[in-house]
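K.L.:
Handing over start-v8.pdb, PDB, C-alpha atoms.
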```pdb
ATOM      1  CA  MET A   1     -66.378 -73.128  12.909
ATOM      2  CA  ASN A   2     -64.014 -73.067   9.909
ATOM      3  CA  ARG A   3     -63.885 -76.484   8.229
ATOM      4  CA  LYS A   4     -60.110 -76.286   7.881
ATOM      5  CA  VAL A   5     -59.717 -75.609  11.596
ATOM      6  CA  LEU A   6     -61.866 -78.656  12.317
ATOM      7  CA  ILE A   7     -59.653 -80.752  10.026
ATOM      8  CA  LEU A   8     -56.539 -79.543  11.856
ATOM      9  CA  GLY A   9     -58.206 -80.403  15.148
ATOM     10  CA  GLY A  10     -59.071 -83.851  13.823
ATOM     11  CA  LEU A  11     -55.483 -84.422  12.688
ATOM     12  CA  SER A  12     -54.263 -83.364  16.135
ATOM     13  CA  GLY A  13     -56.626 -85.870  17.757
ATOM     14  CA  ILE A  14     -55.476 -88.668  15.439
ATOM     15  CA  LEU A  15     -51.844 -87.817  16.241
ATOM     16  CA  LEU A  16     -52.540 -88.047  19.982
ATOM     17  CA  VAL A  17     -54.196 -91.448  19.502
ATOM     18  CA  THR A  18     -51.209 -92.591  17.416
ATOM     19  CA  ILE A  19     -48.832 -91.459  20.159
ATOM     20  CA  ALA A  20     -50.867 -93.359  22.762
ATOM     21  CA  ILE A  21     -50.749 -96.534  20.675
ATOM     22  CA  SER A  22     -47.021 -96.082  20.019
ATOM     23  CA  VAL A  23     -46.353 -95.835  23.738
ATOM     24  CA  MET A  24     -47.918 -99.244  24.290
ATOM     25  CA  VAL A  25     -46.498-101.225  21.347
ATOM     26  CA  GLY A  26     -42.985-102.576  21.004
ATOM     27  CA  SER A  27     -40.841-105.547  21.953
ATOM     28  CA  VAL A  28     -42.267-105.078  25.462
ATOM     29  CA  THR A  29     -45.989-104.312  25.448
ATOM     30  CA  VAL A  30     -47.435-101.899  28.003
ATOM     31  CA  SER A  31     -51.143-102.698  28.258
ATOM     32  CA  LEU A  32     -53.878-100.210  29.118
ATOM     33  CA  SER A  33     -54.296-101.820  32.522
ATOM     34  CA  GLN A  34     -50.570-101.414  33.270
ATOM     35  CA  PHE A  35     -50.265 -97.871  31.977
ATOM     36  CA  PRO A  36     -51.793 -95.916  34.948
ATOM     37  CA  GLU A  37     -49.519 -97.640  37.452
ATOM     38  CA  THR A  38     -46.490 -97.232  35.199
ATOM     39  CA  TRP A  39     -47.204 -93.544  34.617
ATOM     40  CA  GLN A  40     -47.707 -92.966  38.338
ATOM     41  CA  GLU A  41     -44.275 -94.461  38.955
ATOM     42  CA  ILE A  42     -42.750 -92.176  36.323
ATOM     43  CA  SER A  43     -44.514 -89.120  37.761
ATOM     44  CA  SER A  44     -43.177 -89.859  41.237
ATOM     45  CA  GLY A  45     -39.605 -89.877  39.925
ATOM     46  CA  GLN A  46     -38.963 -93.263  41.509
ATOM     47  CA  ILE A  47     -38.451 -95.491  38.451
ATOM     48  CA  PHE A  48     -37.755 -99.097  39.371
ATOM     49  CA  SER A  49     -39.928-101.383  37.219
ATOM     50  CA  SER A  50     -38.876-102.495  33.748
ATOM     51  CA  HIS A  51     -42.021-101.044  32.157
ATOM     52  CA  ALA A  52     -41.400 -97.594  33.626
ATOM     53  CA  THR A  53     -37.728 -97.702  32.598
ATOM     54  CA  ILE A  54     -38.557 -98.684  29.026
ATOM     55  CA  LEU A  55     -41.330 -96.133  28.767
ATOM     56  CA  TRP A  56     -39.439 -93.161  30.183
ATOM     57  CA  LYS A  57     -35.854 -93.742  29.056
ATOM     58  CA  LEU A  58     -36.411 -95.387  25.680
ATOM     59  CA  ARG A  59     -39.884 -95.138  24.236
ATOM     60  CA  LEU A  60     -41.144 -91.648  25.118
ATOM     61  CA  PRO A  61     -38.112 -89.665  23.877
ATOM     62  CA  ARG A  62     -38.059 -91.737  20.700
ATOM     63  CA  ILE A  63     -41.774 -91.141  20.050
ATOM     64  CA  LEU A  64     -41.533 -87.401  20.653
ATOM     65  CA  LEU A  65     -38.409 -87.155  18.498
ATOM     66  CA  ALA A  66     -40.184 -89.027  15.687
ATOM     67  CA  CYS A  67     -43.060 -86.528  15.876
ATOM     68  CA  LEU A  68     -40.748 -83.518  15.858
ATOM     69  CA  THR A  69     -38.570 -84.866  13.051
ATOM     70  CA  GLY A  70     -41.574 -85.806  10.923
ATOM     71  CA  ALA A  71     -43.142 -82.380  11.483
ATOM     72  CA  ALA A  72     -39.884 -80.675  10.515
ATOM     73  CA  LEU A  73     -39.557 -82.644   7.273
ATOM     74  CA  GLY A  74     -43.235 -82.155   6.385
ATOM     75  CA  VAL A  75     -43.058 -78.383   6.840
ATOM     76  CA  ALA A  76     -39.707 -78.142   5.053
ATOM     77  CA  GLY A  77     -41.275 -79.950   2.093
ATOM     78  CA  ALA A  78     -44.282 -77.600   2.082
ATOM     79  CA  GLY A  79     -41.957 -74.585   2.171
ATOM     80  CA  TYR A  80     -39.722 -75.846  -0.629
ATOM     81  CA  GLN A  81     -42.702 -76.724  -2.824
ATOM     82  CA  GLY A  82     -44.131 -73.255  -2.280
ATOM     83  CA  LEU A  83     -40.806 -71.562  -2.944
ATOM     84  CA  PHE A  84     -40.004 -73.498  -6.111
ATOM     85  CA  ARG A  85     -43.693 -73.657  -7.139
ATOM     86  CA  ASN A  86     -42.934 -77.280  -7.817
ATOM     87  CA  PRO A  87     -44.936 -80.249  -6.443
ATOM     88  CA  LEU A  88     -41.911 -82.556  -6.580
ATOM     89  CA  ALA A  89     -39.611 -80.472  -4.406
ATOM     90  CA  ASP A  90     -38.728 -81.839  -0.993
ATOM     91  CA  PRO A  91     -35.631 -81.905   1.253
ATOM     92  CA  PHE A  92     -34.607 -85.303  -0.116
ATOM     93  CA  VAL A  93     -35.143 -84.630  -3.829
ATOM     94  CA  ILE A  94     -33.542 -81.191  -4.071
ATOM     95  CA  GLY A  95     -30.375 -82.134  -2.189
ATOM     96  CA  SER A  96     -31.005 -80.474   1.170
ATOM     97  CA  ALA A  97     -30.919 -83.753   3.089
ATOM     98  CA  SER A  98     -27.830 -84.954   1.215
ATOM     99  CA  GLY A  99     -26.060 -81.683   1.999
ATOM    100  CA  ALA A 100     -26.923 -82.054   5.663
ATOM    101  CA  ALA A 101     -25.731 -85.680   5.625
ATOM    102  CA  PHE A 102     -22.410 -84.646   4.084
ATOM    103  CA  GLY A 103     -21.953 -82.037   6.802
ATOM    104  CA  VAL A 104     -22.714 -84.574   9.528
ATOM    105  CA  ALA A 105     -20.380 -87.176   7.962
ATOM    106  CA  LEU A 106     -17.577 -84.626   7.757
ATOM    107  CA  VAL A 107     -17.953 -83.747  11.430
ATOM    108  CA  ILE A 108     -18.031 -87.440  12.427
ATOM    109  CA  VAL A 109     -14.844 -88.145  10.470
ATOM    110  CA  MET A 110     -13.048 -85.102  11.879
ATOM    111  CA  GLY A 111     -14.190 -85.948  15.403
ATOM    112  CA  VAL A 112     -15.351 -82.397  16.108
ATOM    113  CA  GLN A 113     -17.347 -82.203  19.330
ATOM    114  CA  THR A 114     -17.246 -78.511  20.181
ATOM    115  CA  THR A 115     -20.383 -76.412  20.526
ATOM    116  CA  LEU A 116     -21.172 -72.882  19.368
ATOM    117  CA  PHE A 117     -23.910 -70.798  21.006
ATOM    118  CA  GLY A 118     -25.291 -73.986  22.513
ATOM    119  CA  PHE A 119     -25.495 -75.832  19.180
ATOM    120  CA  SER A 120     -23.508 -78.999  18.576
ATOM    121  CA  ALA A 121     -20.975 -79.243  15.772
ATOM    122  CA  MET A 122     -23.184 -81.873  14.126
ATOM    123  CA  SER A 123     -26.213 -79.560  14.044
ATOM    124  CA  LEU A 124     -24.180 -76.637  12.695
ATOM    125  CA  ALA A 125     -22.537 -78.779  10.013
ATOM    126  CA  ALA A 126     -25.912 -80.205   8.983
ATOM    127  CA  PHE A 127     -27.394 -76.699   8.707
ATOM    128  CA  ILE A 128     -24.509 -75.296   6.646
ATOM    129  CA  GLY A 129     -24.421 -78.340   4.361
ATOM    130  CA  SER A 130     -28.183 -78.236   3.843
ATOM    131  CA  LEU A 131     -28.233 -74.508   3.078
ATOM    132  CA  LEU A 132     -25.334 -74.678   0.621
ATOM    133  CA  ALA A 133     -26.845 -77.664  -1.184
ATOM    134  CA  VAL A 134     -30.201 -75.935  -1.694
ATOM    135  CA  LEU A 135     -28.526 -72.750  -2.907
ATOM    136  CA  CYS A 136     -26.494 -74.740  -5.433
ATOM    137  CA  VAL A 137     -29.588 -76.528  -6.743
ATOM    138  CA  PHE A 138     -31.534 -73.278  -6.998
ATOM    139  CA  ILE A 139     -28.710 -71.535  -8.898
ATOM    140  CA  LEU A 140     -28.040 -74.482 -11.216
ATOM    141  CA  ALA A 141     -31.724 -75.025 -11.997
ATOM    142  CA  GLY A 142     -32.575 -71.336 -12.468
ATOM    143  CA  ARG A 143     -33.258 -70.051 -15.932
ATOM    144  CA  ASN A 144     -34.268 -66.447 -16.471
ATOM    145  CA  ARG A 145     -35.395 -66.203 -12.848
ATOM    146  CA  GLU A 146     -37.603 -69.262 -13.275
ATOM    147  CA  THR A 147     -37.078 -72.775 -11.953
ATOM    148  CA  PRO A 148     -38.354 -75.402 -14.445
ATOM    149  CA  MET A 149     -39.384 -78.726 -12.960
ATOM    150  CA  VAL A 150     -37.042 -80.860 -15.068
ATOM    151  CA  SER A 151     -34.062 -78.604 -14.349
ATOM    152  CA  LEU A 152     -34.793 -78.674 -10.634
ATOM    153  CA  LEU A 153     -35.034 -82.462 -10.575
ATOM    154  CA  LEU A 154     -31.867 -82.934 -12.621
ATOM    155  CA  ALA A 155     -29.889 -80.463 -10.520
ATOM    156  CA  GLY A 156     -31.154 -82.007  -7.286
ATOM    157  CA  VAL A 157     -30.415 -85.577  -8.388
ATOM    158  CA  ALA A 158     -26.974 -84.611  -9.713
ATOM    159  CA  LEU A 159     -25.966 -82.784  -6.550
ATOM    160  CA  SER A 160     -27.405 -85.487  -4.297
ATOM    161  CA  THR A 161     -25.449 -88.132  -6.232
ATOM    162  CA  PHE A 162     -22.254 -86.104  -5.966
ATOM    163  CA  LEU A 163     -22.682 -85.521  -2.233
ATOM    164  CA  SER A 164     -23.533 -89.197  -1.697
ATOM    165  CA  ALA A 165     -20.307 -90.116  -3.488
ATOM    166  CA  CYS A 166     -18.399 -87.747  -1.208
ATOM    167  CA  VAL A 167     -19.957 -89.379   1.845
ATOM    168  CA  SER A 168     -19.074 -92.832   0.468
ATOM    169  CA  LEU A 169     -15.495 -91.686  -0.041
ATOM    170  CA  LEU A 170     -15.343 -90.491   3.555
ATOM    171  CA  MET A 171     -16.626 -93.882   4.690
ATOM    172  CA  ILE A 172     -14.021 -95.779   2.671
ATOM    173  CA  VAL A 173     -11.112 -93.594   3.726
ATOM    174  CA  ASN A 174     -12.210 -93.652   7.367
ATOM    175  CA  SER A 175     -13.283 -97.263   7.826
ATOM    176  CA  GLU A 176     -13.322 -96.943  11.613
ATOM    177  CA  LYS A 177     -16.211 -94.469  11.275
ATOM    178  CA  LEU A 178     -17.990 -96.618   8.671
ATOM    179  CA  PHE A 179     -20.827 -97.933  10.802
ATOM    180  CA  VAL A 180     -21.467 -94.594  12.498
ATOM    181  CA  ILE A 181     -21.873 -92.795   9.167
ATOM    182  CA  PHE A 182     -23.808 -95.692   7.646
ATOM    183  CA  GLY A 183     -26.270 -95.514  10.519
ATOM    184  CA  TRP A 184     -26.982 -91.862   9.725
ATOM    185  CA  LEU A 185     -27.422 -92.599   6.020
ATOM    186  CA  MET A 186     -30.011 -95.303   6.682
ATOM    187  CA  GLY A 187     -32.019 -93.094   9.019
ATOM    188  CA  SER A 188     -32.867 -94.379  12.461
ATOM    189  CA  LEU A 189     -34.367 -93.289  15.768
ATOM    190  CA  SER A 190     -32.988 -96.254  17.681
ATOM    191  CA  GLY A 191     -31.282 -95.400  20.950
ATOM    192  CA  ARG A 192     -32.304 -91.750  20.906
ATOM    193  CA  SER A 193     -32.691 -90.211  24.343
ATOM    194  CA  TRP A 194     -33.937 -87.034  25.996
ATOM    195  CA  ALA A 195     -30.573 -85.399  25.210
ATOM    196  CA  GLU A 196     -31.134 -85.577  21.435
ATOM    197  CA  LEU A 197     -34.711 -84.387  21.874
ATOM    198  CA  GLN A 198     -33.581 -81.418  23.952
ATOM    199  CA  ALA A 199     -30.904 -80.500  21.402
ATOM    200  CA  VAL A 200     -33.154 -80.364  18.326
ATOM    201  CA  THR A 201     -36.405 -79.069  19.835
ATOM    202  CA  PRO A 202     -35.367 -75.362  19.814
ATOM    203  CA  LEU A 203     -34.088 -75.627  16.221
ATOM    204  CA  ILE A 204     -37.260 -77.272  14.954
ATOM    205  CA  ALA A 205     -39.483 -74.864  16.916
ATOM    206  CA  VAL A 206     -37.736 -71.844  15.377
ATOM    207  CA  GLY A 207     -37.931 -73.350  11.881
ATOM    208  CA  LEU A 208     -41.640 -74.171  12.205
ATOM    209  CA  VAL A 209     -42.497 -70.680  13.431
ATOM    210  CA  MET A 210     -40.384 -69.043  10.709
ATOM    211  CA  MET A 211     -42.063 -71.037   7.963
ATOM    212  CA  TRP A 212     -45.556 -70.359   9.302
ATOM    213  CA  LEU A 213     -44.846 -66.615   9.493
ATOM    214  CA  LEU A 214     -43.906 -66.767   5.797
ATOM    215  CA  SER A 215     -47.307 -68.245   4.882
ATOM    216  CA  ARG A 216     -48.728 -65.099   3.249
ATOM    217  CA  SER A 217     -45.549 -64.532   1.251
ATOM    218  CA  LEU A 218     -45.644 -68.121   0.000
ATOM    219  CA  ASP A 219     -49.280 -67.599  -1.006
ATOM    220  CA  ALA A 220     -48.311 -64.462  -2.931
ATOM    221  CA  LEU A 221     -45.474 -66.279  -4.686
ATOM    222  CA  ALA A 222     -47.945 -68.871  -5.970
ATOM    223  CA  PHE A 223     -49.270 -66.212  -8.385
ATOM    224  CA  GLY A 224     -45.803 -65.623  -9.825
ATOM    225  CA  GLU A 225     -42.774 -63.545  -8.921
ATOM    226  CA  GLU A 226     -44.061 -60.433 -10.703
ATOM    227  CA  THR A 227     -47.336 -60.512  -8.766
ATOM    228  CA  ALA A 228     -45.444 -61.113  -5.539
ATOM    229  CA  ALA A 229     -43.178 -58.143  -6.293
ATOM    230  CA  THR A 230     -46.179 -55.839  -6.786
ATOM    231  CA  LEU A 231     -47.343 -56.856  -3.308
ATOM    232  CA  GLY A 232     -44.030 -55.734  -1.853
ATOM    233  CA  LEU A 233     -42.369 -59.138  -1.555
ATOM    234  CA  GLY A 234     -38.594 -58.708  -1.719
ATOM    235  CA  ARG A 235     -37.334 -61.694  -3.687
ATOM    236  CA  LYS A 236     -33.842 -61.973  -2.201
ATOM    237  CA  LYS A 237     -34.946 -61.461   1.384
ATOM    238  CA  PHE A 238     -37.841 -63.880   0.996
ATOM    239  CA  LEU A 239     -35.619 -66.477  -0.682
ATOM    240  CA  ALA A 240     -33.090 -66.229   2.133
ATOM    241  CA  LEU A 241     -35.763 -66.612   4.823
ATOM    242  CA  VAL A 242     -37.444 -69.660   3.264
ATOM    243  CA  LEU A 243     -34.136 -71.357   2.515
ATOM    244  CA  SER A 244     -32.946 -70.666   6.058
ATOM    245  CA  ALA A 245     -36.149 -72.019   7.630
ATOM    246  CA  GLY A 246     -36.224 -75.108   5.391
ATOM    247  CA  SER A 247     -32.527 -75.809   5.898
ATOM    248  CA  LEU A 248     -32.846 -75.353   9.659
ATOM    249  CA  LEU A 249     -35.695 -77.883   9.775
ATOM    250  CA  THR A 250     -33.901 -80.346   7.513
ATOM    251  CA  ALA A 251     -30.607 -79.979   9.357
ATOM    252  CA  ALA A 252     -32.251 -80.573  12.735
ATOM    253  CA  ALA A 253     -34.042 -83.644  11.399
ATOM    254  CA  VAL A 254     -30.885 -85.095   9.818
ATOM    255  CA  SER A 255     -28.731 -84.424  12.881
ATOM    256  CA  ALA A 256     -31.311 -86.226  15.047
ATOM    257  CA  ALA A 257     -32.400 -89.116  12.843
ATOM    258  CA  GLY A 258     -30.192 -89.258   9.760
ATOM    259  CA  ILE A 259     -31.475 -89.364   6.176
ATOM    260  CA  ILE A 260     -35.240 -89.917   6.079
ATOM    261  CA  GLY A 261     -36.627 -89.391   2.620
ATOM    262  CA  PHE A 262     -40.022 -88.628   1.118
ATOM    263  CA  VAL A 263     -41.796 -87.369   4.269
ATOM    264  CA  GLY A 264     -41.481 -83.828   2.921
ATOM    265  CA  LEU A 265     -42.828 -84.987  -0.433
ATOM    266  CA  ILE A 266     -45.865 -86.990   0.668
ATOM    267  CA  CYS A 267     -47.281 -84.911   3.513
ATOM    268  CA  PRO A 268     -47.766 -81.535   1.756
ATOM    269  CA  HIS A 269     -49.685 -83.270  -1.062
ATOM    270  CA  ILE A 270     -52.038 -84.997   1.350
ATOM    271  CA  ALA A 271     -52.384 -81.740   3.299
ATOM    272  CA  ARG A 272     -53.440 -79.834   0.163
ATOM    273  CA  ARG A 273     -56.214 -82.361  -0.408
ATOM    274  CA  LEU A 274     -57.434 -81.802   3.138
ATOM    275  CA  VAL A 275     -57.037 -78.058   3.784
ATOM    276  CA  GLY A 276     -56.280 -76.491   0.410
ATOM    277  CA  ALA A 277     -53.268 -74.506  -0.793
ATOM    278  CA  ARG A 278     -53.265 -71.632   1.732
ATOM    279  CA  HIS A 279     -50.016 -72.017   3.630
ATOM    280  CA  ALA A 280     -51.485 -70.781   6.922
ATOM    281  CA  TYR A 281     -53.375 -74.098   7.020
ATOM    282  CA  LEU A 282     -51.080 -76.141   4.776
ATOM    283  CA  ILE A 283     -48.020 -75.751   7.009
ATOM    284  CA  PRO A 284     -49.617 -76.967  10.281
ATOM    285  CA  ALA A 285     -51.401 -79.754   8.386
ATOM    286  CA  SER A 286     -48.087 -80.854   6.845
ATOM    287  CA  ALA A 287     -46.501 -80.806  10.308
ATOM    288  CA  LEU A 288     -49.221 -83.000  11.811
ATOM    289  CA  LEU A 289     -49.191 -85.429   8.884
ATOM    290  CA  GLY A 290     -45.387 -85.573   8.925
ATOM    291  CA  ALA A 291     -45.410 -86.381  12.624
ATOM    292  CA  MET A 292     -47.998 -89.132  12.092
ATOM    293  CA  LEU A 293     -46.263 -90.624   9.052
ATOM    294  CA  LEU A 294     -42.836 -90.859  10.663
ATOM    295  CA  LEU A 295     -44.254 -92.124  13.953
ATOM    296  CA  ILE A 296     -46.189 -94.900  12.190
ATOM    297  CA  ALA A 297     -43.144 -95.737  10.054
ATOM    298  CA  ASP A 298     -40.978 -95.947  13.181
ATOM    299  CA  ASP A 299     -43.549 -98.134  14.923
ATOM    300  CA  LEU A 300     -43.451-100.515  11.962
ATOM    301  CA  ALA A 301     -39.646-100.377  11.824
ATOM    302  CA  ARG A 302     -39.289-101.468  15.446
ATOM    303  CA  THR A 303     -42.064-104.093  15.507
ATOM    304  CA  ILE A 304     -42.494-105.616  12.039
ATOM    305  CA  MET A 305     -39.529-108.012  12.415
ATOM    306  CA  GLY A 306     -40.044-108.971  16.044
ATOM    307  CA  ASN A 307     -36.840-108.601  18.033
ATOM    308  CA  SER A 308     -34.945-107.094  15.067
ATOM    309  CA  GLU A 309     -35.301-103.472  14.039
ATOM    310  CA  LEU A 310     -35.322-101.910  10.580
ATOM    311  CA  PRO A 311     -33.994 -98.392   9.911
ATOM    312  CA  VAL A 312     -36.968 -96.052   9.675
ATOM    313  CA  GLY A 313     -35.498 -94.577   6.474
ATOM    314  CA  ILE A 314     -36.233 -97.880   4.733
ATOM    315  CA  MET A 315     -39.891 -97.708   5.723
ATOM    316  CA  THR A 316     -40.365 -94.133   4.499
ATOM    317  CA  ALA A 317     -38.542 -94.931   1.255
ATOM    318  CA  MET A 318     -40.826 -97.908   0.617
ATOM    319  CA  LEU A 319     -43.829 -95.616   1.077
ATOM    320  CA  GLY A 320     -42.415 -92.572  -0.688
ATOM    321  CA  GLY A 321     -40.766 -94.173  -3.720
ATOM    322  CA  PRO A 322     -43.988 -95.334  -5.396
ATOM    323  CA  PHE A 323     -45.693 -92.069  -4.391
ATOM    324  CA  PHE A 324     -42.922 -90.044  -6.048
ATOM    325  CA  LEU A 325     -43.129 -92.090  -9.255
ATOM    326  CA  PHE A 326     -46.899 -91.574  -9.298
ATOM    327  CA  LEU A 327     -46.459 -87.810  -8.936
ATOM    328  CA  LEU A 328     -43.761 -87.735 -11.594
ATOM    329  CA  LYS A 329     -46.097 -89.489 -14.035
ATOM    330  CA  THR A 330     -49.163 -87.341 -13.285
ATOM    331  CA  LYS A 331     -47.218 -84.047 -13.310
ATOM    332  CA  ARG A 332     -45.188 -84.911 -16.411
ATOM    333  CA  GLY A 333     -47.295 -82.744 -18.631
ATOM    334  CA  THR A 334     -46.526 -79.614 -16.581
ATOM    335  CA  ALA A 335     -42.753 -79.971 -16.672
TER     336      ALA A 335
END
```
Could the structure of this file be written out as structure tokens, please?
P.N.:
Amino acid sequence: MNRKVLILGGLSGILLVTIAISVMVGSVTVSLSQFPETWQEISSGQIFSSHATILWKLRLPRILLACLTGAALGVAGAGYQGLFRNPLADPFVIGSASGAAFGVALVIVMGVQTTLFGFSAMSLAAFIGSLLAVLCVFILAGRNRETPMVSLLLAGVALSTFLSACVSLLMIVNSEKLFVIFGWLMGSLSGRSWAELQAVTPLIAVGLVMMWLLSRSLDALAFGEETAATLGLGRKKFLALVLSAGSLLTAAAVSAAGIIGFVGLICPHIARRLVGARHAYLIPASALLGAMLLLIADDLARTIMGNSELPVGIMTAMLGGPFFLFLLKTKRGTA
């Protein structure tokens, strides 16, 4: 059997083990001996015990949402890095997450709660903000149809800073919404229920499938735009598809869990070490690693301080910050 397929199978097995451990750990521990009885109670639909209530209403939707959100950010990072041909591109660095956060903050301040085609105003605002932010970074950083690393980083940091200032202004002007917006900025999965999971699952599923279907085009782009053009790759159409898929994934993640940085930066790099640069394997590997990373980070966030809970965005930033600086130093010569 293909070694890369075996690696993907191994990552899937590790993710399942991580999910099983996550189900049991927390402020209330569900031991292995208690789990069969608790699960039987859940399966029967007659939930009375505290363990079954915690497991079904609080822990399971949060765990599944962490996996989906992490997978979305990991794949978005892999897609952006392939598109920009830049190892430092990710939803957080290039402004996609900040754009989505600005859209969400604007909707919170305006109090918009209407839906369109089944999508909430928050999800739509996150998607539009994410897409516009990435387009701005791409246009500002472009130079003779190329995207130099330094220009991309500067444009992304500048736009992210500007959008963060806009969000801060919204928070100051609308102090009654301060804590709601601040909660999104810190990134958290606390209190998430089946409703949030149901809302973002279709968006993330569509984004994941779109990005995987673009695998061969991303591989062709790795050899340069001229080579990709000779293979029949339409630049504008391809750009629109990748940006749409990446923005959809980022927007869904932000609308569900707020700003969670560096998952899209770390996971594609680890995935390349494991399965190589072919996106047909890189994208699912990034999804699995993203799910594992965010799930572990969330487990630490809700257990490391006992009864208190840290925002999961703090945990991913503590992991991703040093990793980003390491990449910036090692890739400096290629800028």
K.L.:
I need the residue nearest Trp212 in chain A from this list: A:Leu189, A:Ala280, A:Leu178, A:Ala199. Use only C-alpha atoms for the distance.
P.N.:
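Among A:Leu189, A:Ala280, A:Leu178, A:Ala199, it is A:Ala280 that comes nearest to Trp212 in chain A.
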K.L.:
Extract, using only C-alpha atoms, all DNA, RNA and protein residues at most 12 Å from range 124-129 of chain A, discarding same-chain residues fewer than 3 positions from it, and format them as a PDB file with C-alpha atoms, in the coordinates of the input.
P.N.:
```pdb
ATOM      1  CA  GLY A  95     -30.375 -82.134  -2.189  1.00  0.00           C
ATOM      2  CA  SER A  96     -31.005 -80.474   1.170  1.00  0.00           C
ATOM      3  CA  ALA A  97     -30.919 -83.753   3.089  1.00  0.00           C
ATOM      4  CA  SER A  98     -27.830 -84.954   1.215  1.00  0.00           C
ATOM      5  CA  GLY A  99     -26.060 -81.683   1.999  1.00  0.00           C
ATOM      6  CA  ALA A 100     -26.923 -82.054   5.663  1.00  0.00           C
ATOM      7  CA  ALA A 101     -25.731 -85.680   5.625  1.00  0.00           C
ATOM      8  CA  PHE A 102     -22.410 -84.646   4.084  1.00  0.00           C
ATOM      9  CA  GLY A 103     -21.953 -82.037   6.802  1.00  0.00           C
ATOM     10  CA  VAL A 104     -22.714 -84.574   9.528  1.00  0.00           C
ATOM     11  CA  ALA A 105     -20.380 -87.176   7.962  1.00  0.00           C
ATOM     12  CA  LEU A 106     -17.577 -84.626   7.757  1.00  0.00           C
ATOM     13  CA  VAL A 107     -17.953 -83.747  11.430  1.00  0.00           C
ATOM     14  CA  ILE A 108     -18.031 -87.440  12.427  1.00  0.00           C
ATOM     15  CA  MET A 110     -13.048 -85.102  11.879  1.00  0.00           C
ATOM     16  CA  VAL A 112     -15.351 -82.397  16.108  1.00  0.00           C
ATOM     17  CA  GLN A 113     -17.347 -82.203  19.330  1.00  0.00           C
ATOM     18  CA  THR A 114     -17.246 -78.511  20.181  1.00  0.00           C
ATOM     19  CA  THR A 115     -20.383 -76.412  20.526  1.00  0.00           C
ATOM     20  CA  LEU A 116     -21.172 -72.882  19.368  1.00  0.00           C
ATOM     21  CA  PHE A 117     -23.910 -70.798  21.006  1.00  0.00           C
ATOM     22  CA  GLY A 118     -25.291 -73.986  22.513  1.00  0.00           C
ATOM     23  CA  PHE A 119     -25.495 -75.832  19.180  1.00  0.00           C
ATOM     24  CA  SER A 120     -23.508 -78.999  18.576  1.00  0.00           C
ATOM     25  CA  ALA A 121     -20.975 -79.243  15.772  1.00  0.00           C
ATOM     26  CA  LEU A 132     -25.334 -74.678   0.621  1.00  0.00           C
ATOM     27  CA  ALA A 133     -26.845 -77.664  -1.184  1.00  0.00           C
ATOM     28  CA  VAL A 134     -30.201 -75.935  -1.694  1.00  0.00           C
ATOM     29  CA  LEU A 135     -28.526 -72.750  -2.907  1.00  0.00           C
ATOM     30  CA  CYS A 136     -26.494 -74.740  -5.433  1.00  0.00           C
ATOM     31  CA  LEU A 159     -25.966 -82.784  -6.550  1.00  0.00           C
ATOM     32  CA  SER A 160     -27.405 -85.487  -4.297  1.00  0.00           C
ATOM     33  CA  LEU A 163     -22.682 -85.521  -2.233  1.00  0.00           C
ATOM     34  CA  TRP A 184     -26.982 -91.862   9.725  1.00  0.00           C
ATOM     35  CA  ALA A 199     -30.904 -80.500  21.402  1.00  0.00           C
ATOM     36  CA  VAL A 200     -33.154 -80.364  18.326  1.00  0.00           C
ATOM     37  CA  LEU A 203     -34.088 -75.627  16.221  1.00  0.00           C
ATOM     38  CA  ILE A 204     -37.260 -77.272  14.954  1.00  0.00           C
ATOM     39  CA  GLY A 207     -37.931 -73.350  11.881  1.00  0.00           C
ATOM     40  CA  LEU A 243     -34.136 -71.357   2.515  1.00  0.00           C
ATOM     41  CA  SER A 244     -32.946 -70.666   6.058  1.00  0.00           C
ATOM     42  CA  ALA A 245     -36.149 -72.019   7.630  1.00  0.00           C
ATOM     43  CA  GLY A 246     -36.224 -75.108   5.391  1.00  0.00           C
ATOM     44  CA  SER A 247     -32.527 -75.809   5.898  1.00  0.00           C
ATOM     45  CA  LEU A 248     -32.846 -75.353   9.659  1.00  0.00           C
ATOM     46  CA  LEU A 249     -35.695 -77.883   9.775  1.00  0.00           C
ATOM     47  CA  THR A 250     -33.901 -80.346   7.513  1.00  0.00           C
ATOM     48  CA  ALA A 251     -30.607 -79.979   9.357  1.00  0.00           C
ATOM     49  CA  ALA A 252     -32.251 -80.573  12.735  1.00  0.00           C
ATOM     50  CA  ALA A 253     -34.042 -83.644  11.399  1.00  0.00           C
ATOM     51  CA  VAL A 254     -30.885 -85.095   9.818  1.00  0.00           C
ATOM     52  CA  SER A 255     -28.731 -84.424  12.881  1.00  0.00           C
ATOM     53  CA  ALA A 256     -31.311 -86.226  15.047  1.00  0.00           C
ATOM     54  CA  ALA A 257     -32.400 -89.116  12.843  1.00  0.00           C
ATOM     55  CA  GLY A 258     -30.192 -89.258   9.760  1.00  0.00           C
ATOM     56  CA  ILE A 259     -31.475 -89.364   6.176  1.00  0.00           C
TER      57      ILE A 259
END
```
K.L.:
Using all atoms listed in the file, which of A:Leu16, A:Ala72, A:Ile94, A:Leu197 sits nearest Ser286 in chain A?
P.N.:
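Closest to Ser286 in chain A of all the choices is A:Ala72.
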K.L.:
Interatomic distance between CA of Ala52 in chain A and CA of Ile21 in chain A?
P.N.:
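Computed distance, CA of Ala52 in chain A to CA of Ile21 in chain A, equals 16.0 Å.
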K.L.:
Name the residues that the PyMOL selection byres ((chain A and resi 70) around 7) picks from the file above, as a PyMOL selection string, using the file's chain letters and numbers.
P.N.:
chain A and resi 66-69+71-74+263+290-291+293-294
K.L.:
For CA of Gly111 in chain A and CA of Gly313 in chain A, determine how far apart the two atoms are, in Å to one decimal place.
P.N.:
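Computed distance, CA of Gly111 in chain A to CA of Gly313 in chain A, equals 24.7 Å.
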